[in-house]
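Step one of this worksheet: look at the structure below.
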Amino acid sequence: MSLAEVNGPTTEQALALARMPDGPSGKLAPASTSILLVDDDEKSIRALRAVLEPLGQRLVAASSGEEGLRRLLHEEFAVILLDVRMSGLDGLETARYIKARARTRHVPIVFLTAQAEDVEQAFRAYAAGAVDYVVKPFDPDVLRSKVAVFVELQRERSERVREAQARAEAEAVASTVNKLQSVSDAALAHLEIDELLPEILERAITVFDAHAGGLLLGEESSSELTLMASRGLELAEPVSVTSGEELFETALRGSPLNAPDLSAAKRLPPALSANGMRSLIAAPLSAGSQQIGVLFICSREPHGFSDDDVNLLLLSAERAAVAIQHARAYEREHGMVEALQRHLLPDRLPKAPTLALAARYRPSEHAAQVGGDWYDAIALPGGLVGLVIGDVVGRGIRAATMMSELRAGLRAYAVAEPQCPALAVDRLNSLVVRTHGGMVATLLYMVFNIDTVGVRYASAGHLPPLVMTPEGETHFLEHPPAPPLGAAPHPNFEDHEGELPPDSTMLLYTDGLVERRGENLDVGLEHLREVLGSAPADLEDLCSHILVGASAQGAIQDDVALLAVRRLPVGVERLEIELAAEPDAVPLARHRVERWLTDAGLGRDDAFAVKLALSEACTNAVEHAYGPEPGRTFRVSVERHQGAIVIEVSDAGRWRSRRGRDQGRGIHIIEQVMDAVDIKRTSMGTSVTMRRETTPR
Amino acid sequence: MSGPEQLQSDPKDIFPLARIESSEQNGVRVLAVVGELDISNIDLLQREAFELSNGSLGLVLDLNETTHIDSATIRLLFDLQRGLARRRQALRVIYAAGSIVERVLELTAFDRQAPRSPDRDTATAAIRAEVSPSQ
């Protein structure tokens with residue numbers, strides 16, 4: 001096993017390494033150039049020095065071809081003056097070696113010879129321009145000027161190389177920066193952790209041209225890192241690493257890992273080899289002094305990564321770690337407030353026999369902190385249901401706290417004042433003014449009666465409810481404006497009345513659903529109307545449709561609370577109810593039958609007649625059937641029969657005899673509004689059957 | 001077939017069937033009933049109506065916003081009329097022509113006992129004229 005560990009370089013060292021260009025590690029040419037003089041005649045060397053010294057360049061002498069070649073190994077020269085006739089390696093052979101080596105091939109050679117013909121062969125053998133010759137005895141000026149040309153050429157060449165190298169270096173730096181930015185650019189800052197991790201991984205794998213990779217994360221001082229994101233790996237089970245495993249140690253140590261051959265690796269997750277990975281590099285994710293995990297990438301090739309890759313991954317991981325820490329911190333705060341808020345929203349809506357309810361709460365897509373939107377549904381005694389929608393202006397913990405107090409306050413006031421929403425809202429306003437000076441909330445509180453279509457509500461600066469009829473027509477339940485809670489010490493909240501007929505749907509919502517930046521509120525309201533008009537029938541689906549429709553109009557910038565309520569159509573089959581034989585049963589029965597009559601599509605006159613007759617029959621049952629005995633009941637049934645409505649009111653008592661002239665008035669009324677009345681008095685009790693032919697509507 | 005629906009209610013917690021608004025106009029007590037009247041809440045109106053002080057010229061019942069009445073109300077109306085007459089106080093009832101109230105009053109012939117008044121000014125003026133002809 002060969003796990004070549006790279007000692008952890010500092011950021012600066014790593015950057016310097018990463019900036020090193022690829023290719024020959026050629027040192028840059030010095031500003032002053034050198035001239036190599038190769039001649040086995042010492043006098044000749046002295047003469048050359050005397051001639052060339054005025055050029056001001058460094059002169060290096062070699063007394064043989066071999067020594068000349070050695071000099072060339074260690075130093076660069078602008079030009080070589082080479083004596084052809086030397087003992088040992090002669091000039092031509094020496095030149096052949098010089099031209100054969102890549103590093104010295106380009107160095108110009110000036111042959112020094114007594115016979116011009118000696119070098120003509122060399123001219124043909126070597127590239128023109130790289131070779132010149134001077135015939136001895138040479139003219140000092142000619143030699144000096146020839147060499148000066150080569151020195152100048154070399155200087156220009158050096159500058160070109162320097163420029164090229166500088167450019168290459170600049171490009172390498174730019175490339176490194178690009179890669180780093182790609183792995184950790186600003187766009188990542190807006191991603192939530194679930195989206196951030198795969199994105200970091202994706203980018204790292206692309207940058208390094210890797211085949212797979214993963215992010216292992218752990219909580220502070222945890223003894224285990226868990227694979228939170230992976231790419232290119234098929235995993236049969238969750239992967240985690242603990243103490244002693246290479247990837248865990250990488251995080252613990254805070255230094256990178258280069259595993260060029262996974263086939264022999266034992267302390268790395270087997271899943272990597274199992275997925276055909278042959279090499280891996282990994283870098284710790286460090287946030288400050290805290291190690292939070294490891295970023296690793298894999299290749300299907302052994303030795304798939306260079307040391308430069310390791311250093312670049314190290315830098316990438318440093319930046320990725322910062323992004324991950326930010327996302328985690330954001331998630332913690334957001335999660336805390338959201339949890340608080342979700343905790344305060346009802347986990348279950350109350351069940352009412354004639355009302356269907358569905359609700360949604362959706363935090364903002366953009367804001368860092370959730371707001372103070374809420375909804376509530378309160379089952380009140382006596383067949384009433386209170387629905388609340390509210391929005392505390394502001395965000396974060398403070399808004400959520402105030403929202404929780406409003407919710408609790410309204411719950412208490414709603415029970416105390418079930419029949420008067422405005423009074424409850426008024427009390428809530430006093431609470432806000434006294435305990436949350438400077439904070440403001442809008443709210444709409446509506447009370448539904450399960451037996452009647454009427455609703456009563458009060459609004460504190462809240463948007464109007466939206467109603468949709470069974471035919472799909474939509475309208476807002478407009479009400480006169482009133483200030484939000486907390487805006488005025490003694491606002492005059494009023495009760496408003498409205499209707500929610502059977503099979504109609506009402507939406508209560510917060511402004512996040514309809515408000516778009518730079519857009520008139522009316523546009524949003526109108527859009528909501530259209531969206532509701534095209535919503536599916538199912539109430540849960542309807543809520544989802546509303547949210548999707550609102551998003552389509554533009555990103556939802558604020559939190560949204562949404563409450564949908566529908567009055568259920570009552571079946572028009574026979575209605576049968578049982579009630580306590582007490583006065584309060586009379587309106588209860590009348591309202592229940594009234595709803596049935598509405599569903600049955602009865603006309604106004606018919607409904608009036610049936611309700612009146614029913615009221616009289618029930619009054620008789622309550623007043624006369626039992627006397628003051630408690631716990632007795634009576635029954636009412638209503639059905640359609642061949643175009644007529646038939647009502648039966650029966651009790652188990654005996655109607656007591658009439659007392660005085662008023663007692664027969666009820667029966668008299670029944671006889672006038674119904675087409676047939678049959679009263680049966682038996683030992684089992686009394687039943688009144690009433691029939692009225694109805695007028696088709 | 002499941003049994004009958006069991007309907008129960010706590011009367012103190014439902015919307016009040018009716019709200020009674022009491023006011024004084026030209027020495028006449030005006031009681032307006034907003035909502036429904038039946039045996040379950042007729043006591044409210046009865047109490048208010050019979051609390052009429054001896055100094056009052058009479059009583060106006062404004063049933064313009066009353067959405068249901070039945071024999072319980074009719075019984076009270078007859079009782080009121082008799083009771084007030086004994087105290088030389090007058091009764092007028094306000095209701096809209098063609099309303100449900102009118103139809104029930106017609107069914108029970110109460111309309112023949114106390115003529116319909118179209119509004120409060122007419123009703124109070126009629127009472128003043130009936131009780132104190134000299135004014």
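Residues in the structure tokens are named by chain (A, B, ... in the order shown) and by number from 1 within that chain; ligands are numbered from 1 in the order shown.
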Give me, as a PyMOL selection string, all polymer residues having an atom no more than 10 Å from A:Leu201, counting only C-alpha atoms and skipping those fewer than 6 positions away in the same chain. chain A and resi 183+207+212-215+229-231+295-297+320
Closest contacts (chain B/chain A, max 12 Å, only C-alpha atoms) as a tab-separated table:
residue	atom	partner	partner_atom	distance
B:Met1	CA	A:Glu576	CA	10.9
B:Ser2	CA	A:Glu576	CA	9.8
B:Gly3	CA	A:Glu576	CA	7.8
B:Pro4	CA	A:Ile577	CA	4.6
B:Glu5	CA	A:Ile577	CA	4.4
B:Gln6	CA	A:Glu578	CA	5.0
B:Leu7	CA	A:Leu579	CA	5.5
B:Gln8	CA	A:Leu579	CA	6.6
B:Ser9	CA	A:Gly382	CA	4.6
B:Asp10	CA	A:Gly382	CA	4.9
B:Pro11	CA	A:Asp584	CA	6.4
B:Lys12	CA	A:Gly382	CA	7.8
B:Asp13	CA	A:Gly382	CA	5.1
B:Ile14	CA	A:Gly382	CA	5.1
B:Phe15	CA	A:Gln419	CA	4.7
B:Pro16	CA	A:Gln419	CA	7.0
B:Leu17	CA	A:Pro587	CA	7.9
B:Ala18	CA	A:Pro587	CA	11.1
B:Arg19	CA	A:Gln419	CA	11.1
B:Gly35	CA	A:Pro587	CA	11.5
B:Glu36	CA	A:Pro587	CA	8.6
B:Leu37	CA	A:Pro587	CA	8.9
B:Asp38	CA	A:Pro587	CA	7.4
B:Ile39	CA	A:Pro583	CA	5.9
B:Ser40	CA	A:Pro583	CA	4.5
B:Asn41	CA	A:Asp584	CA	8.2
B:Ile42	CA	A:Pro583	CA	10.0
B:Asp43	CA	A:Pro583	CA	10.9
B:Thr67	CA	A:Phe608	CA	10.3
B:His68	CA	A:Leu612	CA	8.1
B:Ile69	CA	A:Leu612	CA	8.0
B:Asp70	CA	A:Leu612	CA	6.5
B:Ser71	CA	A:Gly666	CA	5.6
B:Ala72	CA	A:Thr619	CA	8.4
B:Thr73	CA	A:Gly666	CA	10.9
B:Ile74	CA	A:Arg665	CA	8.7
B:Arg75	CA	A:Asp662	CA	6.5
B:Leu76	CA	A:Asp662	CA	10.0
B:Leu77	CA	A:Asp662	CA	11.3
B:Phe78	CA	A:Asp662	CA	9.1
B:Asp79	CA	A:Asp662	CA	9.9
B:Gly98	CA	A:Asp605	CA	11.5
B:Ser99	CA	A:Phe608	CA	10.7
B:Ile100	CA	A:Phe608	CA	7.6
B:Val101	CA	A:Phe608	CA	10.7
B:Arg103	CA	A:Phe608	CA	9.8
B:Val104	CA	A:Ile669	CA	8.1
B:Leu105	CA	A:Ile669	CA	10.2
B:Glu106	CA	A:Ile669	CA	10.3
B:Leu107	CA	A:Ile669	CA	6.6
B:Thr108	CA	A:Ile669	CA	7.2
B:Ala109	CA	A:Ile669	CA	10.8
B:Phe110	CA	A:Arg665	CA	11.6
May I have all residues of stretch 295-488 of chain A that DSSP, computed from the backbone, assigns to strand (DSSP E or B), given as a PyMOL selection string? chain A and resi 295-299+352+355-362+371-380+384-395+441-449+454-461+466-468+474-476+485
Atom CA of A:Tyr361 to atom CA of A:Arg434, distance in Å rounded to a single decimal: 28.3 Å
From stretch 27-105 of chain B, collect each residue whose DSSP state is helix (DSSP H, G or I) and return the set as number ranges by chain. B: 42-50, 71-86, 100-105
Those same residues, written as a compact mmCIF listing (two decimals), in the first residue's frame with N, CA and C atoms?
# COMPACT_ATOMS: atom_id res chain seq x y z
N ILE B 42 -87.88 33.69 23.32
CA ILE B 42 -88.95 34.67 23.42
C ILE B 42 -88.94 35.37 24.78
N ASP B 43 -88.36 34.65 25.79
CA ASP B 43 -88.27 35.24 27.13
C ASP B 43 -87.54 36.58 27.12
N LEU B 44 -86.50 36.68 26.29
CA LEU B 44 -85.72 37.93 26.23
C LEU B 44 -86.62 39.10 25.90
N LEU B 45 -87.41 38.92 24.85
CA LEU B 45 -88.28 40.01 24.40
C LEU B 45 -89.37 40.26 25.44
N GLN B 46 -89.87 39.16 25.98
CA GLN B 46 -90.96 39.28 26.96
C GLN B 46 -90.50 40.11 28.15
N ARG B 47 -89.29 39.80 28.64
CA ARG B 47 -88.77 40.51 29.81
C ARG B 47 -88.63 42.01 29.51
N GLU B 48 -87.99 42.30 28.36
CA GLU B 48 -87.80 43.71 27.98
C GLU B 48 -89.15 44.41 27.84
N ALA B 49 -90.08 43.73 27.20
CA ALA B 49 -91.37 44.36 26.90
C ALA B 49 -92.16 44.63 28.17
N PHE B 50 -92.15 43.70 29.10
CA PHE B 50 -92.95 43.88 30.30
C PHE B 50 -92.24 44.74 31.34
N SER B 71 -95.55 30.95 16.52
CA SER B 71 -96.65 31.14 17.47
C SER B 71 -96.16 31.65 18.83
N ALA B 72 -94.91 31.41 19.15
CA ALA B 72 -94.38 31.92 20.42
C ALA B 72 -94.42 33.45 20.43
N THR B 73 -94.07 34.04 19.29
CA THR B 73 -94.10 35.50 19.20
C THR B 73 -95.56 36.00 19.19
N ILE B 74 -96.37 35.29 18.45
CA ILE B 74 -97.77 35.70 18.35
C ILE B 74 -98.42 35.69 19.75
N ARG B 75 -98.09 34.65 20.50
CA ARG B 75 -98.63 34.55 21.85
C ARG B 75 -98.22 35.78 22.68
N LEU B 76 -96.92 36.14 22.57
CA LEU B 76 -96.43 37.30 23.31
C LEU B 76 -97.13 38.58 22.84
N LEU B 77 -97.32 38.71 21.54
CA LEU B 77 -97.95 39.92 21.01
C LEU B 77 -99.37 40.09 21.57
N PHE B 78 -100.11 38.98 21.56
CA PHE B 78 -101.46 39.07 22.10
C PHE B 78 -101.43 39.42 23.59
N ASP B 79 -100.49 38.77 24.32
CA ASP B 79 -100.38 39.04 25.75
C ASP B 79 -100.00 40.50 26.00
N LEU B 80 -99.05 40.98 25.21
CA LEU B 80 -98.59 42.35 25.35
C LEU B 80 -99.72 43.34 25.12
N GLN B 81 -100.44 43.06 24.05
CA GLN B 81 -101.51 43.99 23.70
C GLN B 81 -102.54 44.09 24.82
N ARG B 82 -102.88 42.93 25.37
CA ARG B 82 -103.84 42.94 26.46
C ARG B 82 -103.28 43.66 27.68
N GLY B 83 -102.00 43.31 28.01
CA GLY B 83 -101.37 43.88 29.20
C GLY B 83 -101.21 45.39 29.11
N LEU B 84 -100.75 45.85 27.97
CA LEU B 84 -100.53 47.29 27.81
C LEU B 84 -101.86 48.04 27.82
N ALA B 85 -102.85 47.43 27.20
CA ALA B 85 -104.15 48.10 27.13
C ALA B 85 -104.69 48.34 28.53
N ARG B 86 -104.44 47.34 29.42
CA ARG B 86 -104.90 47.51 30.79
C ARG B 86 -104.19 48.68 31.46
N ILE B 100 -91.80 38.04 5.96
CA ILE B 100 -92.17 36.82 6.67
C ILE B 100 -93.00 37.15 7.90
N VAL B 101 -92.62 38.23 8.58
CA VAL B 101 -93.35 38.63 9.79
C VAL B 101 -94.81 38.95 9.43
N GLU B 102 -94.96 39.70 8.35
CA GLU B 102 -96.32 40.05 7.93
C GLU B 102 -97.16 38.80 7.66
N ARG B 103 -96.53 37.83 7.03
CA ARG B 103 -97.29 36.63 6.67
C ARG B 103 -97.73 35.85 7.90
N VAL B 104 -96.84 35.77 8.88
CA VAL B 104 -97.23 35.04 10.10
C VAL B 104 -98.30 35.83 10.86
N LEU B 105 -98.17 37.14 10.89
CA LEU B 105 -99.19 37.96 11.58
C LEU B 105 -100.54 37.83 10.88
Extract, using only C-alpha atoms, all DNA, RNA and protein residues at most 10 Å from stretch 464-467 of chain A, discarding same-chain residues fewer than 5 positions from it, and format them as JSON, numbers by chain. {"A": [389, 444, 446, 459, 472, 473, 474, 475, 476, 477, 478, 479, 480, 481, 499, 500, 501, 504, 505, 506, 507, 508, 509, 510, 525, 528, 529, 532, 533, 563, 564, 565, 566]}
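Across the model, the gap from atom CA of A:Pro502 to atom CA of A:Ile450 is 10.8 Å.
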Can you tell me which residues surround A:Ile645 at a distance of at most 8 Å, considering only C-alpha atoms, apart from same-chain residues fewer than 2 positions away, and format the answer as a PyMOL selection string? chain A and resi 638-641+643+647+691-694
Only N, CA, C and O atoms, please: the residues just picked out, written as a short mmCIF file (atom, residue, chain, number, x, y, z; two decimals), in the first residue's frame.
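File written: part02.cif
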data_model
loop_
_atom_site.label_atom_id
_atom_site.label_comp_id
_atom_site.auth_asym_id
_atom_site.auth_seq_id
_atom_site.Cartn_x
_atom_site.Cartn_y
_atom_site.Cartn_z
N VAL A 638 -87.19 14.63 7.62
CA VAL A 638 -87.63 15.41 6.45
C VAL A 638 -87.26 14.61 5.22
O VAL A 638 -86.15 14.07 5.12
N GLU A 639 -88.16 14.51 4.27
CA GLU A 639 -87.81 13.86 3.00
C GLU A 639 -88.64 14.44 1.88
O GLU A 639 -89.69 15.04 2.08
N ARG A 640 -88.09 14.26 0.70
CA ARG A 640 -88.85 14.61 -0.50
C ARG A 640 -89.68 13.41 -0.89
O ARG A 640 -89.21 12.28 -0.85
N HIS A 641 -90.90 13.64 -1.26
CA HIS A 641 -91.74 12.53 -1.68
C HIS A 641 -92.64 12.98 -2.81
O HIS A 641 -93.56 13.76 -2.60
N GLY A 643 -92.42 15.10 -5.30
CA GLY A 643 -92.63 16.54 -5.50
C GLY A 643 -93.09 17.26 -4.25
O GLY A 643 -93.29 18.47 -4.26
N ILE A 647 -92.56 16.20 6.39
CA ILE A 647 -91.86 16.33 7.67
C ILE A 647 -92.62 15.54 8.72
O ILE A 647 -93.85 15.59 8.76
N ARG A 691 -97.27 17.62 5.19
CA ARG A 691 -96.87 17.48 3.81
C ARG A 691 -97.16 18.78 3.07
O ARG A 691 -98.21 19.39 3.26
N ARG A 692 -96.20 19.17 2.24
CA ARG A 692 -96.44 20.36 1.41
C ARG A 692 -95.96 20.07 -0.01
O ARG A 692 -94.83 19.66 -0.22
N GLU A 693 -96.88 20.30 -0.95
CA GLU A 693 -96.50 20.18 -2.36
C GLU A 693 -95.59 21.37 -2.69
O GLU A 693 -95.93 22.50 -2.37
N THR A 694 -94.47 21.07 -3.30
CA THR A 694 -93.52 22.18 -3.54
C THR A 694 -93.62 22.68 -4.97
O THR A 694 -94.00 21.94 -5.88
#
Polymer residues at most 10 Å from B:Val93, only C-alpha atoms, same-chain spacing of 6 or more positions, as a ChimeraX atom specification: /B:30-32,59-64,77,111,114-120,123
Would you save the residues of that selection, restricted to all heavy atoms, as a CSV table (one decimal), in the first residue's frame?
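The result, stored in part_28.csv:
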chain,number,residue,atom,x,y,z
B,30,VAL,N,-88.8,51.8,22.3
B,30,VAL,CA,-88.7,51.1,21.1
B,30,VAL,C,-87.8,49.9,21.3
B,30,VAL,O,-86.7,50.0,21.7
B,30,VAL,CB,-88.1,52.0,19.9
B,30,VAL,CG1,-88.0,51.2,18.6
B,30,VAL,CG2,-89.0,53.2,19.7
B,31,LEU,N,-88.4,48.7,21.0
B,31,LEU,CA,-87.6,47.5,21.0
B,31,LEU,C,-87.4,46.9,19.6
B,31,LEU,O,-88.4,46.6,19.0
B,31,LEU,CB,-88.2,46.4,21.9
B,31,LEU,CG,-88.4,46.8,23.4
B,31,LEU,CD1,-89.1,45.7,24.2
B,31,LEU,CD2,-87.0,47.0,24.0
B,32,ALA,N,-86.2,46.8,19.1
B,32,ALA,CA,-86.0,46.3,17.8
B,32,ALA,C,-85.4,44.9,18.0
B,32,ALA,O,-84.5,44.6,18.8
B,32,ALA,CB,-85.0,47.1,17.0
B,59,LEU,N,-95.3,51.1,23.6
B,59,LEU,CA,-94.2,50.3,23.2
B,59,LEU,C,-94.3,50.1,21.6
B,59,LEU,O,-95.3,49.8,21.1
B,59,LEU,CB,-94.3,48.9,23.9
B,59,LEU,CG,-93.2,47.9,23.5
B,59,LEU,CD1,-91.8,48.3,23.9
B,59,LEU,CD2,-93.6,46.5,24.1
B,60,VAL,N,-93.1,50.3,21.0
B,60,VAL,CA,-93.0,50.0,19.6
B,60,VAL,C,-92.1,48.8,19.4
B,60,VAL,O,-91.0,48.7,19.9
B,60,VAL,CB,-92.4,51.2,18.8
B,60,VAL,CG1,-92.1,50.7,17.3
B,60,VAL,CG2,-93.3,52.4,18.8
B,61,LEU,N,-92.6,47.7,18.8
B,61,LEU,CA,-91.8,46.6,18.4
B,61,LEU,C,-91.4,46.7,17.0
B,61,LEU,O,-92.2,46.7,16.1
B,61,LEU,CB,-92.6,45.3,18.6
B,61,LEU,CG,-92.8,44.7,20.0
B,61,LEU,CD1,-93.4,43.3,19.9
B,61,LEU,CD2,-91.4,44.6,20.7
B,62,ASP,N,-90.1,46.9,16.8
B,62,ASP,CA,-89.6,47.0,15.4
B,62,ASP,C,-89.1,45.6,14.9
B,62,ASP,O,-88.1,45.1,15.4
B,62,ASP,CB,-88.4,48.0,15.4
B,62,ASP,CG,-87.9,48.3,14.0
B,62,ASP,OD1,-88.2,47.5,13.1
B,62,ASP,OD2,-87.2,49.2,13.8
B,63,LEU,N,-89.9,45.0,14.1
B,63,LEU,CA,-89.6,43.6,13.6
B,63,LEU,C,-89.1,43.7,12.2
B,63,LEU,O,-89.1,42.7,11.4
B,63,LEU,CB,-90.8,42.7,13.7
B,63,LEU,CG,-91.4,42.6,15.1
B,63,LEU,CD1,-92.6,41.6,15.1
B,63,LEU,CD2,-90.4,42.2,16.1
B,64,ASN,N,-88.6,44.9,11.8
B,64,ASN,CA,-88.1,45.0,10.4
B,64,ASN,C,-86.9,44.1,10.1
B,64,ASN,O,-86.7,43.6,9.0
B,64,ASN,CB,-87.6,46.4,10.2
B,64,ASN,CG,-88.6,47.2,9.3
B,64,ASN,OD1,-89.3,46.6,8.5
B,64,ASN,ND2,-88.6,48.5,9.5
B,77,LEU,N,-97.3,38.7,21.5
B,77,LEU,CA,-97.9,39.9,21.0
B,77,LEU,C,-99.4,40.1,21.6
B,77,LEU,O,-99.8,41.2,22.0
B,77,LEU,CB,-98.0,39.9,19.5
B,77,LEU,CG,-96.6,40.1,18.8
B,77,LEU,CD1,-96.8,40.0,17.3
B,77,LEU,CD2,-96.0,41.4,19.1
B,111,ASP,N,-102.6,40.9,12.7
B,111,ASP,CA,-102.5,42.2,12.0
B,111,ASP,C,-103.8,43.0,12.1
B,111,ASP,O,-103.9,44.2,12.0
B,111,ASP,CB,-102.2,41.9,10.5
B,111,ASP,CG,-103.2,41.0,9.8
B,111,ASP,OD1,-103.7,40.1,10.5
B,111,ASP,OD2,-103.6,41.2,8.6
B,114,ALA,N,-103.5,45.0,15.7
B,114,ALA,CA,-102.6,46.1,15.8
B,114,ALA,C,-102.1,46.5,14.4
B,114,ALA,O,-101.4,45.7,13.8
B,114,ALA,CB,-101.4,45.8,16.7
B,115,PRO,N,-102.5,47.6,13.9
B,115,PRO,CA,-102.1,47.9,12.6
B,115,PRO,C,-100.6,48.0,12.4
B,115,PRO,O,-99.9,48.4,13.3
B,115,PRO,CB,-102.8,49.3,12.3
B,115,PRO,CG,-103.7,49.5,13.5
B,115,PRO,CD,-103.3,48.6,14.6
B,116,ARG,N,-100.2,47.7,11.2
B,116,ARG,CA,-98.8,47.8,10.9
B,116,ARG,C,-98.3,49.2,10.8
B,116,ARG,O,-99.0,50.1,10.2
B,116,ARG,CB,-98.5,47.1,9.5
B,116,ARG,CG,-97.1,47.2,9.0
B,116,ARG,CD,-97.0,46.5,7.7
B,116,ARG,NE,-97.4,47.4,6.6
B,116,ARG,CZ,-96.5,48.1,5.9
B,116,ARG,NH1,-95.2,48.1,6.3
B,116,ARG,NH2,-96.9,48.9,4.9
B,117,SER,N,-97.2,49.5,11.4
B,117,SER,CA,-96.6,50.8,11.2
B,117,SER,C,-95.3,50.7,10.3
B,117,SER,O,-94.6,49.7,10.4
B,117,SER,CB,-96.1,51.4,12.5
B,117,SER,OG,-97.2,51.6,13.4
B,118,PRO,N,-95.2,51.6,9.3
B,118,PRO,CA,-94.1,51.4,8.4
B,118,PRO,C,-92.7,51.8,9.0
B,118,PRO,O,-91.7,51.3,8.6
B,118,PRO,CB,-94.4,52.4,7.2
B,118,PRO,CG,-95.4,53.4,7.8
B,118,PRO,CD,-96.1,52.7,9.0
B,119,ASP,N,-92.7,52.7,10.0
B,119,ASP,CA,-91.4,53.2,10.5
B,119,ASP,C,-91.6,53.7,12.0
B,119,ASP,O,-92.7,53.8,12.4
B,119,ASP,CB,-90.7,54.2,9.7
B,119,ASP,CG,-91.7,55.4,9.4
B,119,ASP,OD1,-92.2,56.0,10.4
B,119,ASP,OD2,-91.9,55.8,8.2
B,120,ARG,N,-90.5,54.0,12.6
B,120,ARG,CA,-90.6,54.4,14.0
B,120,ARG,C,-91.3,55.7,14.3
B,120,ARG,O,-92.0,55.9,15.2
B,120,ARG,CB,-89.2,54.4,14.6
B,120,ARG,CG,-88.5,53.1,14.7
B,120,ARG,CD,-87.2,53.1,15.4
B,120,ARG,NE,-86.6,51.8,15.3
B,120,ARG,CZ,-85.4,51.5,15.9
B,120,ARG,NH1,-84.8,52.4,16.7
B,120,ARG,NH2,-84.9,50.3,15.7
B,123,ALA,N,-94.9,55.2,14.0
B,123,ALA,CA,-95.4,54.4,15.1
B,123,ALA,C,-95.4,55.2,16.4
B,123,ALA,O,-96.4,55.1,17.1
B,123,ALA,CB,-94.4,53.2,15.3
Could you list, as a PDB file with all heavy atoms, in the first residue's frame, every residue within 10 Å of A:Leu55, counting only C-alpha atoms and ignoring same-chain residues fewer than 5 positions away?
ATOM      1  N   ARG A 144      34.129  40.573 -32.383  1.00  0.00           N
ATOM      2  CA  ARG A 144      33.351  41.214 -31.307  1.00  0.00           C
ATOM      3  C   ARG A 144      31.920  41.532 -31.774  1.00  0.00           C
ATOM      4  O   ARG A 144      30.929  41.291 -31.070  1.00  0.00           O
ATOM      5  CB  ARG A 144      34.036  42.493 -30.833  1.00  0.00           C
ATOM      6  CG  ARG A 144      33.524  43.002 -29.501  1.00  0.00           C
ATOM      7  CD  ARG A 144      34.162  44.315 -29.088  1.00  0.00           C
ATOM      8  NE  ARG A 144      35.611  44.221 -28.981  1.00  0.00           N
ATOM      9  CZ  ARG A 144      36.472  44.935 -29.739  1.00  0.00           C
ATOM     10  NH1 ARG A 144      36.031  45.771 -30.672  1.00  0.00           N
ATOM     11  NH2 ARG A 144      37.765  44.794 -29.584  1.00  0.00           N
ATOM     12  N   SER A 145      31.806  42.001 -33.022  1.00  0.00           N
ATOM     13  CA  SER A 145      30.480  42.379 -33.498  1.00  0.00           C
ATOM     14  C   SER A 145      29.596  41.151 -33.738  1.00  0.00           C
ATOM     15  O   SER A 145      28.393  41.150 -33.475  1.00  0.00           O
ATOM     16  CB  SER A 145      30.575  43.244 -34.754  1.00  0.00           C
ATOM     17  OG  SER A 145      31.136  42.490 -35.808  1.00  0.00           O
ATOM     18  N   VAL A 147      29.801  38.301 -32.088  1.00  0.00           N
ATOM     19  CA  VAL A 147      29.366  37.813 -30.773  1.00  0.00           C
ATOM     20  C   VAL A 147      28.310  38.737 -30.182  1.00  0.00           C
ATOM     21  O   VAL A 147      27.327  38.289 -29.586  1.00  0.00           O
ATOM     22  CB  VAL A 147      30.596  37.668 -29.843  1.00  0.00           C
ATOM     23  CG1 VAL A 147      30.140  37.377 -28.407  1.00  0.00           C
ATOM     24  CG2 VAL A 147      31.512  36.567 -30.348  1.00  0.00           C
ATOM     25  N   ALA A 148      28.519  40.057 -30.409  1.00  0.00           N
ATOM     26  CA  ALA A 148      27.549  41.032 -29.887  1.00  0.00           C
ATOM     27  C   ALA A 148      26.151  40.759 -30.455  1.00  0.00           C
ATOM     28  O   ALA A 148      25.128  40.869 -29.759  1.00  0.00           O
ATOM     29  CB  ALA A 148      27.981  42.446 -30.209  1.00  0.00           C
ATOM     30  N   VAL A 151      24.732  37.856 -28.621  1.00  0.00           N
ATOM     31  CA  VAL A 151      24.344  38.247 -27.251  1.00  0.00           C
ATOM     32  C   VAL A 151      23.010  38.977 -27.265  1.00  0.00           C
ATOM     33  O   VAL A 151      22.116  38.734 -26.479  1.00  0.00           O
ATOM     34  CB  VAL A 151      25.454  39.113 -26.606  1.00  0.00           C
ATOM     35  CG1 VAL A 151      24.943  39.789 -25.337  1.00  0.00           C
ATOM     36  CG2 VAL A 151      26.682  38.276 -26.327  1.00  0.00           C
TER      37      VAL A 151
END
Pairwise distance, atom CA of A:Arg278 with atom CA of A:Pro302, equals 4.8 Å
So which residues touch stretch 51-54 of chain B within 9 Å, counting only C-alpha atoms, skipping near sequence neighbours fewer than 6 positions away, as a ChimeraX atom specification? /B:29,87,89
